[in-house]
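Okay, so here's the structure we're looking at.
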Amino acid sequence: MSNIHFLIDFLLFGFFPEQQRWRLMIILLICLSHTWLTLKFARHSIPLKTFILCSFCLLTSSWYLAFGDGWLLNIIPTNQLSGFILNICLAYWSIPIATVMSVGFCYLMIYQPELWPTHCFVILAKIIRSIPLITLLFFITLILPMMTNIEITRFQAALTGLIIFLIAYIVEVFKGAHQAIDTHQHESAAALQITGIRKFIHIDLPQIIKNSIPSLINTYIGLIKDTALVTIIGLSDSLGNLQLLIAKYEFKHDFLLLFAIIAALFWMLCFICSLFGKKLEKAIVYE
Amino acid sequence: MNNFIEFRNVSAQIDDRTILKDVNLTIHQGEHVGIIGPSGSGKSSLIRTINRLLPIHTGKIIINGKDNHTKNLPQIGMVFQAYALFPHLTVLENLTLAPLLHGGNAKALKCKAQALLEKVRLAGFDDRYPNSLSGGQQQRIAIARALMIDPEILLLDEPTSALDPEMINEVKLVLQDIIANNMTVLIVSHDIAFIKKTTSRILFLENGQIISDQSQKDFFENPAHARQSEFISQLNH
Ligand SMILES: Nc1ncnc2c1ncn2[C@@H]1O[C@H](COP(=O)(O)OP(=O)(O)OP(=O)(O)O)[C@@H](O)[C@H]1O
Ligand SMILES: [Mg+2]
C-alpha cells in the first residue's frame, strides 16, 4: 500500500518526465480557463475576435507545452504523453478543432450542396458514422501508412481519428439544429438581401449553436469516454497504464481501487463537461 | 406616370402545380395597391415574385425599367404575416444588420434605427429581444426593419392576420402613417376596412389569376366580377 501514490501518479501522468510535470499542470489550467473563456464569450462579456484569438493561443500553447520544441522547452516524444492527462489532452485538442471544422462542413452542406467536395464529405461522414471508432483508429494507424507512405505516430493517428469521428457526428447535430430554424427567417433574410456566407454567419450559425448545445455536449461526453479506446492502438492512456501495471505487479487487490479511481476521473471530466453545457445553455438566452 | 412595376405574362409553378397563371399587371410609382382573394389564390405568391422569393417560370417582371434579376434595383422592403424577426438579435441589431452588411455606417444606422423605432412607437426598445415582445410590438419592429433600407417598394403580406384585435389597431395605425408618403405599396390583407383606408386600387385574385383590377371606388360600387361581390359579402359576415 505504500506505493499507492506511485501507482496513482503513474495512472495520471504515465511516462511524462518527472521534472517537466509543471507543464502538464499548466495544460490543465489552460483547459479550465478555455472553458471559462467560452462561457464569458457566450455571455457577451468578450467580443468574438478576442475569443477566437485567445482560443487559438490557448490551444497552440497547450500543444507547445506538451511536446516542446527543443529550444525553450525540452522536446517530449509523443509516446511519453500518457496516463489520464493523455485522455484530457486528446479531448481538449479534438473538441474545439472538430467543432470549428464542423461549422465549415455545415456551411458546405447547407449552402454548397452541389460542389463535389461536399458530396465527398457527405459520403465519408456517412461511412464514418457507421463504423466503430476502433476500426477507424486501426485504419489510420495501420492501413493508411501502408497505402500512402505517410509516416504517422500513434498519437497523431489517435488525434486525427478522434477529430474525424467527432466531425461526422457534430455536423449531423448542426444539420438538425439548422432545420429547427423557423423557415420564415430564411425568407426575411432573403427579402433583406442577406444571403450566402453572411447569412450563415449572422443568422444561421448563432441559432445553430444555441439549438445544438444539448446534443453537442452529449457528443462531447461520448468523445471523452471514447478517448479510452486509444489503448487499443498502443497508446497508454489511463487504462493503458493500468494494464501495464497489472502485467507488471502481482498485488491484485489494489487494482480494484485503481479501476475505481479511473472511473471517478472520467466521471469528473464528463461532469465538468455537462456542467459546462448547463451554464452555456443558461448563458445563451435571448429574452 | 411611368410603369414602375410591370408583370409581363408571368407564370410560376411549384412542383408542377401552377401558382400564378399568365399574370399581366402594371403598377405606377407611388401607387397603393390592395390584393384580396380567397385563401390559396396566390396573393402571397404574387408579391413574393417581385423580390424573387418565389422564382417565376415564364414571363418577366420589370421594375423601374429593369428585369428584377438585375442589380441596382430600387430597394424592396417586405413585412410578413409571421413577423420573422431574428430571435438571436436585439431589436436594434434586427434593424441594423442588413444595412450594416451592405456597408452602412454603424453610428448613422443606429440613429436611423432609433428614429424609426420612435415612428413605430417603440422608442427605447433597442436592447430587447423579439421573444420578449408582444405580437403587435414584434410586427411594428418588422415594419421598422423593412423601412431601414429606405424601400421604394413596400410589400405587406397580411401584416395584421396573426394578431389579436387590440394589437391589429396599433399596427394599422403605424402602417397608415408610413404609407402616407410616396412609396409604392402592395398590401395583401383580408381586412377590408384597412384596404379601404390605405389603397386606391384593388386586385382580386382567384386560382393564380387576377380576375379583376379596379379602382377602390369601382371595386366596391361596380364589381367587375360576380365572385368579387360574393367574396366581399362573405368577408363582411
Ligand atoms: N412552398 C410551397 N410549396 C407548394 N405549394 C405552395 C407553396 N407555397 C404556396 N403553395 C401553393 O400555392 C398556392 C398559392 O399560395 P399563396 O400562399 O400564394 O396563397 P394566398 O392567396 O397567399 O393564401 P392565404 O390567404 O392563405 O395566405 C396555394 O395553392 C398553395 O398551396
Ligand atoms: Mg398568403
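Chain labels follow the order of the C-alpha cells: the first chain is A, the next B, and so on; residue numbering restarts at 1 in every chain, and ligands are counted from 1 in their shown order.
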> Neighbours of ligand 1 within 9 Å, counting only C-alpha atoms and all ligand atoms, as a ChimeraX atom specification?
Replying inline: /B:13-15,17-20,36-48,54,81,157-158,188-190,205-208
>> Residues of chain A within 10 Å of chain B, counting only C-alpha atoms - could you list those as a PyMOL selection string?
In response: chain A and resi 181-194+198-199+202-204+206-207+210+284-287
> What does the distance between atom CA of Asn105 of chain B and atom CA of Glu93 of chain B come to in Å, to one decimal place?
Replying inline: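 Computing it gives 13.4 Å between the two atoms.
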> Looking at only C-alpha atoms, which of A:Asn79, A:Asn149, A:Ser130, A:Ser212 is the one that sits closest to Phe174 of chain A?
Replying inline: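 So, comparing all the options, the nearest one is A:Ser212.
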> Neighbours of Gln29 of chain B within 10 Å (only C-alpha atoms; same-chain residues fewer than 2 positions away dropped), as a PyMOL selection string?
Replying inline: chain B and resi 1-5+26-27+31-32+64+152-153+182-185
Expected file: the selected residues, C-alpha atoms, as a compact mmCIF listing (two decimals), in the first residue's frame:
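This is the output file out.txt:
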# COMPACT_ATOMS: atom_id res chain seq x y z
CA MET B 1 -46.90 58.37 -64.81
CA ASN B 2 -44.29 55.72 -65.57
CA ASN B 3 -44.74 52.00 -65.26
CA PHE B 4 -42.80 51.25 -62.11
CA ILE B 5 -43.56 47.57 -61.63
CA THR B 26 -48.71 47.42 -64.33
CA ILE B 27 -48.20 49.44 -61.17
CA GLU B 31 -49.45 53.70 -56.19
CA HIS B 32 -51.00 51.83 -53.26
CA ASN B 64 -38.18 50.66 -62.94
CA GLU B 152 -39.16 52.46 -52.73
CA ILE B 153 -41.42 49.45 -52.84
CA ASN B 182 -44.75 58.37 -51.94
CA MET B 183 -43.73 54.75 -51.54
CA THR B 184 -45.17 52.16 -53.88
CA VAL B 185 -47.07 49.75 -51.68
> Would you give me, as a PyMOL selection string, the residues in segment 122-213 of chain A that DSSP reads as helix (DSSP H, G or I)?
Replying inline: chain A and resi 122-129+133-148+154-179+183-191+196-213
Selection: 10 Å around Leu280 of chain A, only C-alpha atoms, excl. self and same-chain fewer than 2 positions, as an mmCIF file with C-alpha atoms, in the first residue's frame:
data_model
loop_
_atom_site.group_PDB
_atom_site.id
_atom_site.type_symbol
_atom_site.label_atom_id
_atom_site.label_comp_id
_atom_site.auth_asym_id
_atom_site.auth_seq_id
_atom_site.Cartn_x
_atom_site.Cartn_y
_atom_site.Cartn_z
ATOM 1 C CA THR A 35 -13.879 26.547 -20.682
ATOM 2 C CA THR A 38 -16.116 30.142 -23.673
ATOM 3 C CA LEU A 39 -18.717 30.881 -21.032
ATOM 4 C CA LYS A 40 -17.588 34.500 -20.880
ATOM 5 C CA PHE A 41 -17.922 34.717 -24.632
ATOM 6 C CA ALA A 42 -21.383 33.163 -24.550
ATOM 7 C CA ARG A 43 -22.426 35.829 -22.051
ATOM 8 C CA LYS A 210 -27.784 27.625 -29.459
ATOM 9 C CA ILE A 213 -25.914 22.729 -27.201
ATOM 10 C CA PRO A 214 -27.590 19.740 -25.508
ATOM 11 C CA ILE A 217 -22.497 18.248 -25.051
ATOM 12 C CA SER A 274 -22.172 18.623 -18.653
ATOM 13 C CA LEU A 275 -21.920 21.409 -16.096
ATOM 14 C CA PHE A 276 -20.306 23.497 -18.818
ATOM 15 C CA GLY A 277 -23.240 22.626 -21.095
ATOM 16 C CA LYS A 278 -25.770 23.700 -18.494
ATOM 17 C CA LYS A 282 -28.170 29.476 -19.386
ATOM 18 C CA ALA A 283 -25.745 31.976 -20.864
ATOM 19 C CA ILE A 284 -27.333 31.917 -24.305
ATOM 20 C CA VAL A 285 -30.883 33.065 -23.702
#
> Excluding same-chain residues fewer than 3 positions from Leu265 of chain A, what lies within 12 Å of it counting only C-alpha atoms, as a list in words?
Replying inline: Ile8, Leu11, Leu12, Gly83, Phe84, Ile85, Asn87, Ile88, Ile224, Lys225, Ala228, Ser238, Leu239, Leu258, Phe259, Ala260, Ile261, Ile262, Met268, Leu269, Cys270, Phe271 and Ile272 of chain A
> Neighbours of Leu7 of chain A within 10 Å (only C-alpha atoms; same-chain residues fewer than 4 positions away dropped), as a PyMOL selection string?
Replying inline: chain A and resi 1-3+11-12+14+241-242+245+254-255+258
> Taking only C-alpha atoms into account, which of A:Gln243, A:Gln20, A:Asn218, A:Thr99 comes nearest Ile76 of chain A?
Replying inline: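 Looking only at the distances to Ile76 of chain A, the closest residue turns out to be A:Gln20.
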> How would you write, as number ranges by chain, the set of residues in segment 27-127 of chain B that DSSP gives as strand (DSSP E)?
Replying inline: B: 27-28, 32-36, 58-63, 66-67, 76-79
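The space separating atom CA of Asp16 of chain B from atom CA of Ile56 of chain B comes to 12.4 Å.
One finds atom CA of Glu170 of chain B at 24.3 Å from atom CA of Ile232 of chain B.
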>> Can you tell me which residues surround Thr227 of chain A at a distance of at most 12 Å, considering only C-alpha atoms, apart from same-chain residues fewer than 5 positions away, and format the answer as JSON, numbers by chain?
In response: {"A": [82, 83, 84, 85, 86, 87, 88, 89, 90, 91, 92, 93, 94, 95, 133, 134, 137, 155, 158, 159, 160, 161, 162, 163, 165, 166, 220, 221, 222, 232, 233, 235, 236, 237, 238, 239, 240, 266, 269]}
Write out the residues from the selection above, keeping N, CA and C atoms, as a short mmCIF file (atom, residue, chain, number, x, y, z; two decimals), in the first residue's frame.
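Result file follows (part-v6.cif):
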data_model
loop_
_atom_site.label_atom_id
_atom_site.label_comp_id
_atom_site.auth_asym_id
_atom_site.auth_seq_id
_atom_site.Cartn_x
_atom_site.Cartn_y
_atom_site.Cartn_z
N SER A 82 1.25 10.34 -21.57
CA SER A 82 0.41 9.17 -21.33
C SER A 82 -0.31 9.32 -20.00
N GLY A 83 -1.15 8.34 -19.71
CA GLY A 83 -1.93 8.42 -18.50
C GLY A 83 -3.20 9.23 -18.72
N PHE A 84 -3.84 9.61 -17.63
CA PHE A 84 -5.11 10.32 -17.75
C PHE A 84 -4.95 11.66 -18.45
N ILE A 85 -3.76 12.24 -18.31
CA ILE A 85 -3.51 13.52 -18.96
C ILE A 85 -3.62 13.38 -20.48
N LEU A 86 -3.30 12.19 -20.99
CA LEU A 86 -3.45 11.93 -22.43
C LEU A 86 -4.92 11.97 -22.82
N ASN A 87 -5.78 11.37 -21.99
CA ASN A 87 -7.21 11.43 -22.25
C ASN A 87 -7.68 12.88 -22.29
N ILE A 88 -7.21 13.65 -21.31
CA ILE A 88 -7.63 15.05 -21.26
C ILE A 88 -7.14 15.78 -22.49
N CYS A 89 -5.88 15.60 -22.84
CA CYS A 89 -5.33 16.32 -23.99
C CYS A 89 -6.04 15.93 -25.27
N LEU A 90 -6.27 14.65 -25.47
CA LEU A 90 -6.97 14.22 -26.69
C LEU A 90 -8.34 14.89 -26.79
N ALA A 91 -9.04 14.91 -25.66
CA ALA A 91 -10.37 15.53 -25.66
C ALA A 91 -10.24 17.04 -25.91
N TYR A 92 -9.31 17.65 -25.21
CA TYR A 92 -9.18 19.12 -25.31
C TYR A 92 -8.76 19.56 -26.70
N TRP A 93 -7.91 18.78 -27.34
CA TRP A 93 -7.49 19.20 -28.68
C TRP A 93 -8.51 18.83 -29.76
N SER A 94 -9.18 17.70 -29.57
CA SER A 94 -10.10 17.31 -30.65
C SER A 94 -11.41 18.09 -30.61
N ILE A 95 -11.91 18.42 -29.42
CA ILE A 95 -13.23 19.05 -29.36
C ILE A 95 -13.28 20.42 -30.08
N LEU A 133 -15.37 3.29 -33.84
CA LEU A 133 -14.19 4.16 -33.75
C LEU A 133 -12.90 3.35 -33.84
N ILE A 134 -12.91 2.17 -33.25
CA ILE A 134 -11.69 1.35 -33.24
C ILE A 134 -11.25 1.02 -34.67
N LEU A 137 -9.58 3.96 -36.07
CA LEU A 137 -8.25 4.14 -35.49
C LEU A 137 -7.25 3.14 -36.10
N PHE A 155 0.08 8.65 -31.68
CA PHE A 155 -0.64 9.77 -31.09
C PHE A 155 -1.34 10.59 -32.16
N ALA A 158 -4.30 8.76 -33.40
CA ALA A 158 -5.43 8.80 -32.46
C ALA A 158 -6.15 10.14 -32.53
N LEU A 159 -5.36 11.22 -32.52
CA LEU A 159 -5.97 12.55 -32.55
C LEU A 159 -6.76 12.74 -33.85
N THR A 160 -6.14 12.37 -34.98
CA THR A 160 -6.83 12.51 -36.26
C THR A 160 -8.12 11.70 -36.26
N GLY A 161 -8.01 10.47 -35.79
CA GLY A 161 -9.19 9.60 -35.77
C GLY A 161 -10.31 10.21 -34.95
N LEU A 162 -9.97 10.69 -33.76
CA LEU A 162 -10.99 11.27 -32.89
C LEU A 162 -11.62 12.50 -33.53
N ILE A 163 -10.79 13.34 -34.16
CA ILE A 163 -11.33 14.55 -34.79
C ILE A 163 -12.28 14.17 -35.92
N PHE A 165 -13.90 11.42 -36.39
CA PHE A 165 -15.08 10.77 -35.81
C PHE A 165 -16.04 11.82 -35.24
N LEU A 166 -15.46 12.77 -34.53
CA LEU A 166 -16.27 13.81 -33.90
C LEU A 166 -16.96 14.68 -34.95
N TYR A 220 -19.80 15.46 -27.02
CA TYR A 220 -18.51 15.70 -26.36
C TYR A 220 -18.26 14.65 -25.28
N ILE A 221 -19.30 14.40 -24.49
CA ILE A 221 -19.14 13.42 -23.40
C ILE A 221 -18.82 12.05 -23.98
N GLY A 222 -19.52 11.71 -25.06
CA GLY A 222 -19.23 10.45 -25.74
C GLY A 222 -17.77 10.39 -26.15
N ILE A 232 -6.14 0.64 -27.56
CA ILE A 232 -6.13 -0.48 -28.50
C ILE A 232 -5.10 -0.30 -29.61
N ILE A 233 -4.79 0.94 -29.98
CA ILE A 233 -3.75 1.11 -30.98
C ILE A 233 -2.39 1.35 -30.31
N LEU A 235 -1.51 3.21 -27.55
CA LEU A 235 -1.18 4.39 -26.74
C LEU A 235 -1.49 4.06 -25.29
N SER A 236 -0.67 4.61 -24.36
CA SER A 236 -1.00 4.28 -22.99
C SER A 236 -1.69 5.44 -22.31
N ASP A 237 -2.99 5.43 -22.41
CA ASP A 237 -3.78 6.40 -21.65
C ASP A 237 -3.97 5.83 -20.25
N SER A 238 -4.90 6.36 -19.47
CA SER A 238 -5.01 5.90 -18.09
C SER A 238 -5.28 4.39 -18.02
N LEU A 239 -6.20 3.92 -18.87
CA LEU A 239 -6.50 2.48 -18.84
C LEU A 239 -5.32 1.66 -19.34
N GLY A 240 -4.64 2.18 -20.34
CA GLY A 240 -3.46 1.50 -20.87
C GLY A 240 -2.41 1.34 -19.79
N PHE A 266 -12.89 9.83 -15.01
CA PHE A 266 -13.73 10.04 -16.21
C PHE A 266 -15.05 10.68 -15.83
N LEU A 269 -14.54 14.35 -15.36
CA LEU A 269 -14.35 15.07 -16.62
C LEU A 269 -15.70 15.27 -17.32
#
>> From the options A:Thr50, A:Ser55, A:Gln19, A:Ser102, which residue's atoms come nearest to Leu32 of chain A, counting only C-alpha atoms?
In response: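 Between A:Thr50, A:Ser55, A:Gln19, A:Ser102, the residue approaching Leu32 of chain A most closely is A:Ser55.
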